[in-house]
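To be precise, the following lines are entry_26.cif, and they hold mmCIF, C-alpha atoms and all ligand atoms.
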```
data_coords
#
loop_
_atom_site.group_PDB
_atom_site.id
_atom_site.type_symbol
_atom_site.label_atom_id
_atom_site.label_comp_id
_atom_site.auth_asym_id
_atom_site.auth_seq_id
_atom_site.Cartn_x
_atom_site.Cartn_y
_atom_site.Cartn_z
ATOM 1 C CA MET D 136 9.351 3.605 11.160
ATOM 2 C CA ASP D 137 8.504 3.027 7.519
ATOM 3 C CA LEU D 138 5.087 4.058 6.346
ATOM 4 C CA LEU D 139 4.528 0.750 4.606
ATOM 5 C CA PRO D 140 5.663 -2.817 5.133
ATOM 6 C CA ALA D 141 8.435 -3.784 2.691
ATOM 7 C CA ASP D 142 6.292 -6.536 1.256
ATOM 8 C CA PRO D 143 2.651 -5.428 1.120
ATOM 9 C CA PRO D 144 0.186 -8.215 1.855
ATOM 10 C CA ALA D 145 -0.974 -9.918 -1.318
ATOM 11 C CA ALA D 146 -4.675 -10.262 -0.494
ATOM 12 C CA PRO D 147 -5.548 -6.545 -0.225
ATOM 13 C CA ALA D 148 -3.431 -5.707 -3.270
ATOM 14 C CA ARG D 149 -5.248 -8.397 -5.215
ATOM 15 C CA LEU D 150 -8.651 -7.172 -4.089
ATOM 16 C CA TRP D 151 -7.790 -3.569 -4.992
ATOM 17 C CA ALA D 152 -6.378 -4.499 -8.402
ATOM 18 C CA GLY D 153 -9.503 -6.524 -9.153
ATOM 19 C CA LEU D 154 -11.895 -3.618 -8.584
ATOM 20 C CA ASP D 155 -13.391 -1.936 -11.603
ATOM 21 C CA GLU D 156 -12.561 1.713 -12.255
ATOM 22 C CA PRO D 157 -15.791 3.156 -10.745
ATOM 23 C CA TRP D 158 -15.105 1.326 -7.460
ATOM 24 C CA GLN D 159 -11.521 2.572 -7.372
ATOM 25 C CA GLU D 160 -12.639 6.107 -8.218
ATOM 26 C CA ALA D 161 -15.270 6.118 -5.455
ATOM 27 C CA PHE D 162 -12.609 5.079 -2.930
ATOM 28 C CA ARG D 163 -10.112 7.636 -4.216
ATOM 29 C CA GLN D 164 -12.810 10.276 -3.712
ATOM 30 C CA ALA D 165 -13.537 9.019 -0.192
ATOM 31 C CA TRP D 166 -9.844 9.201 0.613
ATOM 32 C CA GLU D 167 -9.622 12.775 -0.622
ATOM 33 C CA ALA D 168 -12.564 13.629 1.644
ATOM 34 C CA LEU D 169 -10.692 12.190 4.633
ATOM 35 C CA ARG D 170 -7.585 14.185 3.736
ATOM 36 C CA SER D 171 -9.698 17.339 3.469
ATOM 37 C CA GLY D 172 -11.270 16.934 6.899
ATOM 38 C CA SER D 173 -14.679 15.941 5.589
ATOM 39 C CA ILE D 174 -16.371 12.552 6.016
ATOM 40 C CA ALA D 175 -14.657 9.800 4.036
ATOM 41 C CA VAL D 176 -17.372 8.906 1.551
ATOM 42 C CA GLY D 177 -16.879 9.025 -2.219
ATOM 43 C CA ALA D 178 -19.102 8.206 -5.166
ATOM 44 C CA CYS D 179 -19.311 8.238 -8.931
ATOM 45 C CA ALA D 180 -21.864 7.757 -11.676
ATOM 46 C CA SER D 181 -20.914 5.600 -14.633
ATOM 47 C CA THR D 182 -22.483 4.028 -17.668
ATOM 48 C CA ALA D 183 -23.330 0.340 -17.546
ATOM 49 C CA ASP D 184 -20.027 -0.445 -19.251
ATOM 50 C CA GLY D 185 -18.027 1.507 -16.685
ATOM 51 C CA GLU D 186 -17.419 4.908 -18.268
ATOM 52 C CA ILE D 187 -17.356 7.433 -15.416
ATOM 53 C CA ILE D 188 -19.650 10.412 -16.014
ATOM 54 C CA ARG D 189 -19.219 12.262 -12.693
ATOM 55 C CA SER D 190 -17.426 11.627 -9.447
ATOM 56 C CA ALA D 191 -17.610 13.561 -6.202
ATOM 57 C CA ARG D 192 -17.012 13.305 -2.496
ATOM 58 C CA ASN D 193 -18.341 14.403 0.820
ATOM 59 C CA ARG D 194 -17.570 18.089 1.462
ATOM 60 C CA VAL D 195 -19.322 18.783 4.770
ATOM 61 C CA ASN D 196 -16.237 20.496 6.174
ATOM 62 C CA ASP D 197 -14.833 21.908 2.938
ATOM 63 C CA ASP D 198 -14.849 25.651 2.305
ATOM 64 C CA GLN D 199 -14.936 25.244 -1.464
ATOM 65 C CA GLY D 200 -15.997 22.844 -4.187
ATOM 66 C CA PRO D 201 -16.531 22.537 -7.940
ATOM 67 C CA PRO D 202 -19.374 24.632 -9.399
ATOM 68 C CA GLY D 203 -22.684 22.908 -8.815
ATOM 69 C CA GLU D 204 -21.555 20.971 -5.753
ATOM 70 C CA ILE D 205 -22.541 21.600 -2.148
ATOM 71 C CA PHE D 206 -19.791 22.244 0.388
ATOM 72 C CA GLY D 207 -19.523 23.404 4.001
ATOM 73 C CA SER D 208 -23.004 22.058 4.724
ATOM 74 C CA ALA D 209 -24.554 19.022 6.363
ATOM 75 C CA LEU D 210 -26.106 18.339 2.944
ATOM 76 C CA ALA D 211 -22.720 18.052 1.171
ATOM 77 C CA HIS D 212 -22.783 14.295 0.731
ATOM 78 C CA ALA D 213 -20.848 12.431 -1.967
ATOM 79 C CA GLU D 214 -23.830 10.920 -3.777
ATOM 80 C CA THR D 215 -25.779 14.181 -3.666
ATOM 81 C CA ASN D 216 -22.792 15.989 -5.181
ATOM 82 C CA VAL D 217 -22.506 13.438 -7.983
ATOM 83 C CA LEU D 218 -26.201 13.721 -8.785
ATOM 84 C CA ALA D 219 -26.235 17.520 -8.516
ATOM 85 C CA ARG D 220 -23.871 17.795 -11.475
ATOM 86 C CA LEU D 221 -25.529 15.322 -13.829
ATOM 87 C CA PRO D 222 -27.062 17.267 -16.706
ATOM 88 C CA PHE D 223 -30.849 17.320 -16.532
ATOM 89 C CA HIS D 224 -32.399 14.475 -18.549
ATOM 90 C CA SER D 225 -29.160 13.767 -20.410
ATOM 91 C CA HIS D 226 -28.573 10.265 -19.131
ATOM 92 C CA ARG D 227 -30.558 7.268 -18.149
ATOM 93 C CA ASP D 228 -29.705 3.973 -16.607
ATOM 94 C CA LEU D 229 -26.520 5.062 -14.883
ATOM 95 C CA VAL D 230 -24.767 3.093 -12.175
ATOM 96 C CA LEU D 231 -24.111 4.983 -8.943
ATOM 97 C CA THR D 232 -21.166 3.528 -7.045
ATOM 98 C CA THR D 233 -20.644 4.779 -3.510
ATOM 99 C CA THR D 234 -18.386 3.737 -0.668
ATOM 100 C CA LEU D 235 -21.133 3.819 1.975
ATOM 101 C CA GLU D 236 -24.806 2.849 2.087
ATOM 102 C CA PRO D 237 -26.718 5.988 1.039
ATOM 103 C CA CYS D 238 -28.484 8.012 3.705
ATOM 104 C CA LEU D 239 -32.094 9.168 3.450
ATOM 105 C CA GLN D 240 -31.160 12.418 1.683
ATOM 106 C CA CYS D 241 -28.998 10.655 -0.905
ATOM 107 C CA ALA D 242 -31.587 7.932 -1.427
ATOM 108 C CA ALA D 243 -34.055 10.700 -2.275
ATOM 109 C CA ALA D 244 -31.544 12.338 -4.639
ATOM 110 C CA ILE D 245 -31.052 8.936 -6.297
ATOM 111 C CA ARG D 246 -34.854 8.704 -6.647
ATOM 112 C CA PHE D 247 -34.752 11.961 -8.652
ATOM 113 C CA GLY D 248 -31.675 10.989 -10.648
ATOM 114 C CA PRO D 249 -31.164 8.856 -13.755
ATOM 115 C CA ILE D 250 -29.866 5.937 -11.741
ATOM 116 C CA ALA D 251 -30.740 2.342 -12.635
ATOM 117 C CA THR D 252 -28.378 0.642 -10.205
ATOM 118 C CA VAL D 253 -26.845 1.602 -6.867
ATOM 119 C CA ARG D 254 -23.748 -0.204 -5.640
ATOM 120 C CA PHE D 255 -22.387 0.491 -2.170
ATOM 121 C CA ALA D 256 -19.454 -0.998 -0.282
ATOM 122 C CA GLY D 257 -19.925 -0.392 3.434
ATOM 123 C CA PRO D 258 -23.098 -0.763 5.481
ATOM 124 C CA ASP D 259 -24.614 2.225 7.248
ATOM 125 C CA ARG D 260 -27.233 0.555 9.402
ATOM 126 C CA TYR D 261 -28.461 3.897 10.649
ATOM 127 C CA TRP D 262 -30.088 4.340 7.240
ATOM 128 C CA ASP D 263 -31.117 0.756 6.557
ATOM 129 C CA GLY D 264 -34.490 0.679 4.840
ATOM 130 C CA CYS D 265 -34.557 4.424 4.065
ATOM 131 C CA HIS D 266 -34.414 3.859 0.302
ATOM 132 C CA ASP D 267 -37.740 2.070 -0.005
ATOM 133 C CA PHE D 268 -39.985 4.877 -1.219
ATOM 134 C CA GLY D 269 -42.518 2.357 -2.470
ATOM 135 C CA LYS D 270 -43.929 2.349 1.054
ATOM 136 C CA LEU D 271 -44.720 6.065 0.913
ATOM 137 C CA SER D 272 -47.461 6.185 -1.685
ATOM 138 C CA ALA D 273 -49.253 4.134 -4.310
ATOM 139 C CA ARG D 274 -47.529 6.110 -7.070
ATOM 140 C CA GLU D 275 -44.077 5.424 -5.663
ATOM 141 C CA ALA D 276 -44.999 1.780 -5.256
ATOM 142 C CA ARG D 277 -45.710 1.602 -9.008
ATOM 143 C CA ARG D 278 -42.348 3.119 -9.955
ATOM 144 C CA VAL D 279 -39.408 0.934 -10.794
ATOM 145 C CA GLN D 280 -36.888 1.296 -7.989
ATOM 146 C CA PRO D 281 -33.144 1.246 -8.756
ATOM 147 C CA ALA D 282 -31.498 -2.116 -8.323
ATOM 148 C CA ARG D 283 -29.364 -2.085 -5.197
ATOM 149 C CA THR D 284 -26.308 -4.151 -4.370
ATOM 150 C CA GLY D 285 -24.470 -3.926 -1.076
ATOM 151 C CA PRO D 286 -23.064 -3.952 1.400
ATOM 152 C CA ARG D 287 -20.059 -5.907 0.206
ATOM 153 C CA GLY D 288 -19.342 -8.846 2.482
ATOM 154 C CA ASP D 289 -15.578 -8.551 2.032
ATOM 155 C CA GLU D 290 -12.894 -6.483 3.747
ATOM 156 C CA LEU D 291 -13.496 -3.584 1.374
ATOM 157 C CA GLY D 292 -16.987 -3.180 2.816
ATOM 158 C CA THR D 293 -15.618 -3.104 6.349
ATOM 159 C CA PHE D 294 -12.854 -0.697 5.295
ATOM 160 C CA ALA D 295 -15.466 1.611 3.735
ATOM 161 C CA ALA D 296 -17.549 1.635 6.918
ATOM 162 C CA LEU D 297 -14.433 2.240 9.038
ATOM 163 C CA ILE D 298 -13.019 5.200 7.128
ATOM 164 C CA ALA D 299 -16.399 6.955 7.218
ATOM 165 C CA ARG D 300 -16.207 6.823 11.042
ATOM 166 C CA ILE D 301 -12.809 8.521 11.281
ATOM 167 C CA GLY D 302 -12.917 12.248 11.959
ATOM 168 C CA PRO D 303 -16.084 14.299 11.783
ATOM 169 C CA GLY D 304 -18.397 11.443 10.788
ATOM 170 C CA LEU D 305 -18.703 9.983 14.268
ATOM 171 C CA THR D 306 -20.656 12.401 16.420
ATOM 172 C CA PRO D 307 -21.504 11.119 19.933
ATOM 173 C CA ARG D 308 -25.200 10.617 19.212
ATOM 174 C CA TYR D 309 -24.531 8.891 15.903
ATOM 175 C CA GLU D 310 -21.916 6.677 17.543
ATOM 176 C CA GLU D 311 -24.376 5.680 20.240
ATOM 177 C CA ALA D 312 -26.897 4.698 17.571
ATOM 178 C CA LEU D 313 -24.310 2.734 15.576
ATOM 179 C CA ARG D 314 -23.149 0.872 18.676
ATOM 180 C CA ALA D 315 -26.747 -0.096 19.420
ATOM 181 C CA LEU D 316 -26.938 -1.461 15.850
ATOM 182 C CA GLY D 317 -23.860 -3.669 16.333
ATOM 183 C CA ASP D 318 -21.100 -1.460 14.918
ATOM 184 C CA GLY D 319 -19.141 -1.117 18.169
ATOM 185 C CA PRO D 320 -16.009 -2.855 16.773
ATOM 186 C CA ILE D 321 -15.827 -0.370 13.883
ATOM 187 C CA ALA D 322 -16.249 2.604 16.225
ATOM 188 C CA ASP D 323 -13.589 1.168 18.557
ATOM 189 C CA LEU D 324 -11.092 0.819 15.709
ATOM 190 C CA ALA D 325 -11.828 4.348 14.479
ATOM 191 C CA HIS D 326 -11.059 5.697 17.963
ATOM 192 C CA GLU D 327 -7.918 3.555 18.204
ATOM 193 C CA LEU D 328 -6.603 5.005 14.929
ATOM 194 C CA GLU D 329 -7.314 8.564 15.989
ATOM 195 C CA GLU D 330 -6.012 8.290 19.529
ATOM 196 C CA GLY D 331 -2.889 6.421 18.381
ATOM 197 C CA GLY D 332 -2.029 9.177 15.922
ATOM 198 C CA GLU D 333 -2.314 6.820 12.959
ATOM 199 C CA VAL D 334 -4.688 8.919 10.875
ATOM 200 C CA ALA D 335 -1.895 11.221 9.683
ATOM 201 C CA ARG D 336 0.138 8.172 8.657
ATOM 202 C CA LEU D 337 -2.845 6.755 6.830
ATOM 203 C CA THR D 338 -3.636 9.903 4.899
ATOM 204 C CA ALA D 339 -0.017 10.039 3.686
ATOM 205 C CA MET D 340 -0.719 6.738 1.893
ATOM 206 C CA ASP D 341 -2.938 6.299 -1.118
ATOM 207 C CA VAL D 342 -6.216 4.511 -0.465
ATOM 208 C CA GLY D 343 -5.043 1.153 -1.831
ATOM 209 C CA GLN D 344 -2.027 1.245 0.490
ATOM 210 C CA ALA D 345 -4.258 2.207 3.408
ATOM 211 C CA LEU D 346 -6.468 -0.813 2.708
ATOM 212 C CA GLY D 347 -3.370 -3.033 2.969
ATOM 213 C CA TYR D 348 -2.203 -1.297 6.140
ATOM 214 C CA LEU D 349 -5.555 -1.719 7.916
ATOM 215 C CA TRP D 350 -6.435 -5.128 6.468
ATOM 216 C CA PRO D 351 -5.209 -7.286 9.396
ATOM 217 C CA ARG D 352 -7.200 -5.192 11.890
ATOM 218 C CA LEU D 353 -10.514 -4.957 10.050
ATOM 219 C CA PRO D 354 -13.290 -6.626 12.053
ATOM 220 C CA SER D 355 -14.729 -9.386 9.897
ATOM 221 C CA ALA D 356 -18.246 -8.849 8.616
ATOM 222 C CA GLY D 357 -19.327 -11.947 10.537
ATOM 223 C CA SER D 358 -18.123 -10.552 13.883
ATOM 224 C CA ARG D 359 -20.525 -7.636 13.769
ATOM 225 C CA ALA D 360 -23.787 -8.510 15.415
ATOM 226 C CA ARG D 361 -26.838 -7.762 13.356
HETATM 227 ZN ZN ZN M 401 -25.994 10.956 2.061
#
```

Can you present the structure in this file as structure tokens?
Ligand SMILES: [Zn+2]
Amino acid sequence: MDLLPADPPAAPARLWAGLDEPWQEAFRQAWEALRSGSIAVGACASTADGEIIRSARNRVNDDQGPPGEIFGSALAHAETNVLARLPFHSHRDLVLTTTLEPCLQCAAAIRFGPIATVRFAGPDRYWDGCHDFGKLSAREARRVQPARTGPRGDELGTFAALIARIGPGLTPRYEEALRALGDGPIADLAHELEEGGEVARLTAMDVGQALGYLWPRLPSAGSRAR
């Protein structure tokens, strides 16, 4: 069987081609994480006009990484690794683009970083609300919080949430919590891909091709109960 249909669907190719470079880079990083056996989340920091300053990926299961990044640790998240390598006080007002809604740890790292705007593709309802440090103290409430956009309501957002659930990202307790939050269809599809042996086929593709391959099976954002 061929890895790819002879005529790739137009809609995913159009969506992919229309993404700006930081979005594409974040997804390329996420894909490399999946190929490396870590959790498929990628991120990058860019200037407001799109120049990428740093990009990084999840490395929880990696046994090496670039100097200054965390690897082989539960703390080795994509956004944390981007922020860890930004020179101290050398930038302001950067845009952090990440494939998945930041967790509590990464939200805190963003709070310490020179980030004016956070963009994320897929929802991670487990961490919904864990970025709002203004509730913690009067001082935090006075600080300007980064602008936040996400999750994307399109197939790319669903794709981002799905790939993060393939492999080591979906522990039984986490899965139980996600199902209770309405993400059962995503968890079901992640299991279907793993049990059907499709993950190896997927990782042989590049991430844009994988988006096209999975596109017809992505649960629509509207089908996921809130
Ligand atoms: Zn994180």

Q. What does the distance between atom CA of D:Leu154 and atom CA of D:Leu316 come to in Å, to one decimal place?
A. 28.8 Å

Q.
Within 10 Å of ligand ZN 401 (chain M) (counting only C-alpha atoms and all ligand atoms), which residues show up? I'd like them as number ranges by chain.
A. D: 176, 193, 209-216, 233, 235-245, 262

Q.
List the spatial neighbours of D:Ile188 as a ChimeraX atom specification - criterion: any atom at most 9 Å away, only C-alpha atoms, same-chain residues fewer than 4 positions off excluded.
A. /D:179-182,221,229

(Q) I need every residue sitting at most 12 Å from the point (-37.4, 2.2, -9.6) (coordinates as in the file, all atoms listed in the file considered), written as a ChimeraX atom specification. (A) /D:228,242-243,245-253,266-269,274-283

Those same residues, written as a short mmCIF file (atom, residue, chain, number, x, y, z; two decimals), keeping the file's coordinate frame with C-alpha atoms?
```cif
data_model
loop_
_atom_site.label_atom_id
_atom_site.label_comp_id
_atom_site.auth_asym_id
_atom_site.auth_seq_id
_atom_site.Cartn_x
_atom_site.Cartn_y
_atom_site.Cartn_z
CA ASP D 228 -29.70 3.97 -16.61
CA ALA D 242 -31.59 7.93 -1.43
CA ALA D 243 -34.06 10.70 -2.28
CA ILE D 245 -31.05 8.94 -6.30
CA ARG D 246 -34.85 8.70 -6.65
CA PHE D 247 -34.75 11.96 -8.65
CA GLY D 248 -31.68 10.99 -10.65
CA PRO D 249 -31.16 8.86 -13.76
CA ILE D 250 -29.87 5.94 -11.74
CA ALA D 251 -30.74 2.34 -12.64
CA THR D 252 -28.38 0.64 -10.20
CA VAL D 253 -26.84 1.60 -6.87
CA HIS D 266 -34.41 3.86 0.30
CA ASP D 267 -37.74 2.07 0.00
CA PHE D 268 -39.98 4.88 -1.22
CA GLY D 269 -42.52 2.36 -2.47
CA ARG D 274 -47.53 6.11 -7.07
CA GLU D 275 -44.08 5.42 -5.66
CA ALA D 276 -45.00 1.78 -5.26
CA ARG D 277 -45.71 1.60 -9.01
CA ARG D 278 -42.35 3.12 -9.96
CA VAL D 279 -39.41 0.93 -10.79
CA GLN D 280 -36.89 1.30 -7.99
CA PRO D 281 -33.14 1.25 -8.76
CA ALA D 282 -31.50 -2.12 -8.32
CA ARG D 283 -29.36 -2.08 -5.20
#
```

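From atom CA of D:His226 back to atom CA of D:Ala183, the distance works out to 11.3 Å.
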
Q: Would you kindly return, as a PyMOL selection string, each protein, DNA or RNA residue with an atom no farther than 12 Å from any atom of D:Glu160, considering only C-alpha atoms and excluding same-chain residues fewer than 4 positions away?
A: chain D and resi 151+154-156+164-167+176-181+185-192+231-234+342-343

Q: Spell out the residues picked by the PyMOL selection byres (((chain D and resi 257) around 7) and not hetatm) here, as a list in words.
A: Thr234, Leu235, Glu236, Phe255, Ala256, Pro258, Asp259, Pro286, Arg287, Gly292, Thr293, Ala295 and Ala296 of chain D

(Q) One decimal, in Å: what's the spacing between atom CA of D:Leu346 and atom CA of D:Phe294? (A)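 Atom-to-atom, atom CA of D:Leu346 and atom CA of D:Phe294 are spaced 6.9 Å apart.
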
Q: Can you give me, as a list in words, the residues this file yields under the PyMOL selection byres (((chain D and resi 146) around 12) and not hetatm)?
A: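 In the shown coordinates, the PyMOL selection byres (((chain D and resi 146) around 12) and not hetatm) covers Asp142, Pro143, Pro144, Ala145, Pro147, Ala148, Arg149, Leu150, Trp151, Ala152, Gly153, Asp289, Glu290, Leu291, Gly343, Gln344, Leu346, Gly347, Tyr348, Trp350 and Pro351 of chain D.
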
Just the residues within 8 Å of D:Leu297, please, counting only C-alpha atoms, with nothing from its chain fewer than 3 positions along; format it as an mmCIF file with C-alpha atoms, in the frame of the given file.
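As a result, selection-v1.cif now contains:
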```cif
data_model
loop_
_atom_site.group_PDB
_atom_site.id
_atom_site.type_symbol
_atom_site.label_atom_id
_atom_site.label_comp_id
_atom_site.auth_asym_id
_atom_site.auth_seq_id
_atom_site.Cartn_x
_atom_site.Cartn_y
_atom_site.Cartn_z
ATOM 1 C CA THR D 293 -15.618 -3.104 6.349
ATOM 2 C CA PHE D 294 -12.854 -0.697 5.295
ATOM 3 C CA ARG D 300 -16.207 6.823 11.042
ATOM 4 C CA ILE D 301 -12.809 8.521 11.281
ATOM 5 C CA ILE D 321 -15.827 -0.370 13.883
ATOM 6 C CA ALA D 322 -16.249 2.604 16.225
ATOM 7 C CA LEU D 324 -11.092 0.819 15.709
ATOM 8 C CA ALA D 325 -11.828 4.348 14.479
#
```

Q.
Counting all atoms listed in the file, which residue out of D:Pro354, D:Gly302, D:Pro307, D:Gly288 sits closest to D:Gly332?
A.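 Of all the options, D:Gly302 lies closest to D:Gly332.
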
**Q.** Reference answer for the PyMOL selection byres (((chain D and resi 196) around 10) and not hetatm), as a list in words
**A.** Ala168, Ser171, Gly172, Ser173, Ile174, Asn193, Arg194, Val195, Asp197, Asp198, Gln199, Phe206, Gly207, Ser208, Ala209, Ala211 and Pro303 of chain D

Q. So, counting all atoms listed in the file, which residue among D:Asp318, D:Ala339, D:Ala299, D:Pro201 is closest to D:Ala175?
A.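 Comparing D:Asp318, D:Ala339, D:Ala299, D:Pro201 against D:Ala175, the winner is D:Ala299.
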
Q: Name the closest residue to D:Leu169 among the candidates D:Leu313, D:Ile298, D:Ala345, D:Val217; distances are taken between atoms, counting only C-alpha atoms.
A: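 Among D:Leu313, D:Ile298, D:Ala345, D:Val217, it is D:Ile298 that comes nearest to D:Leu169.
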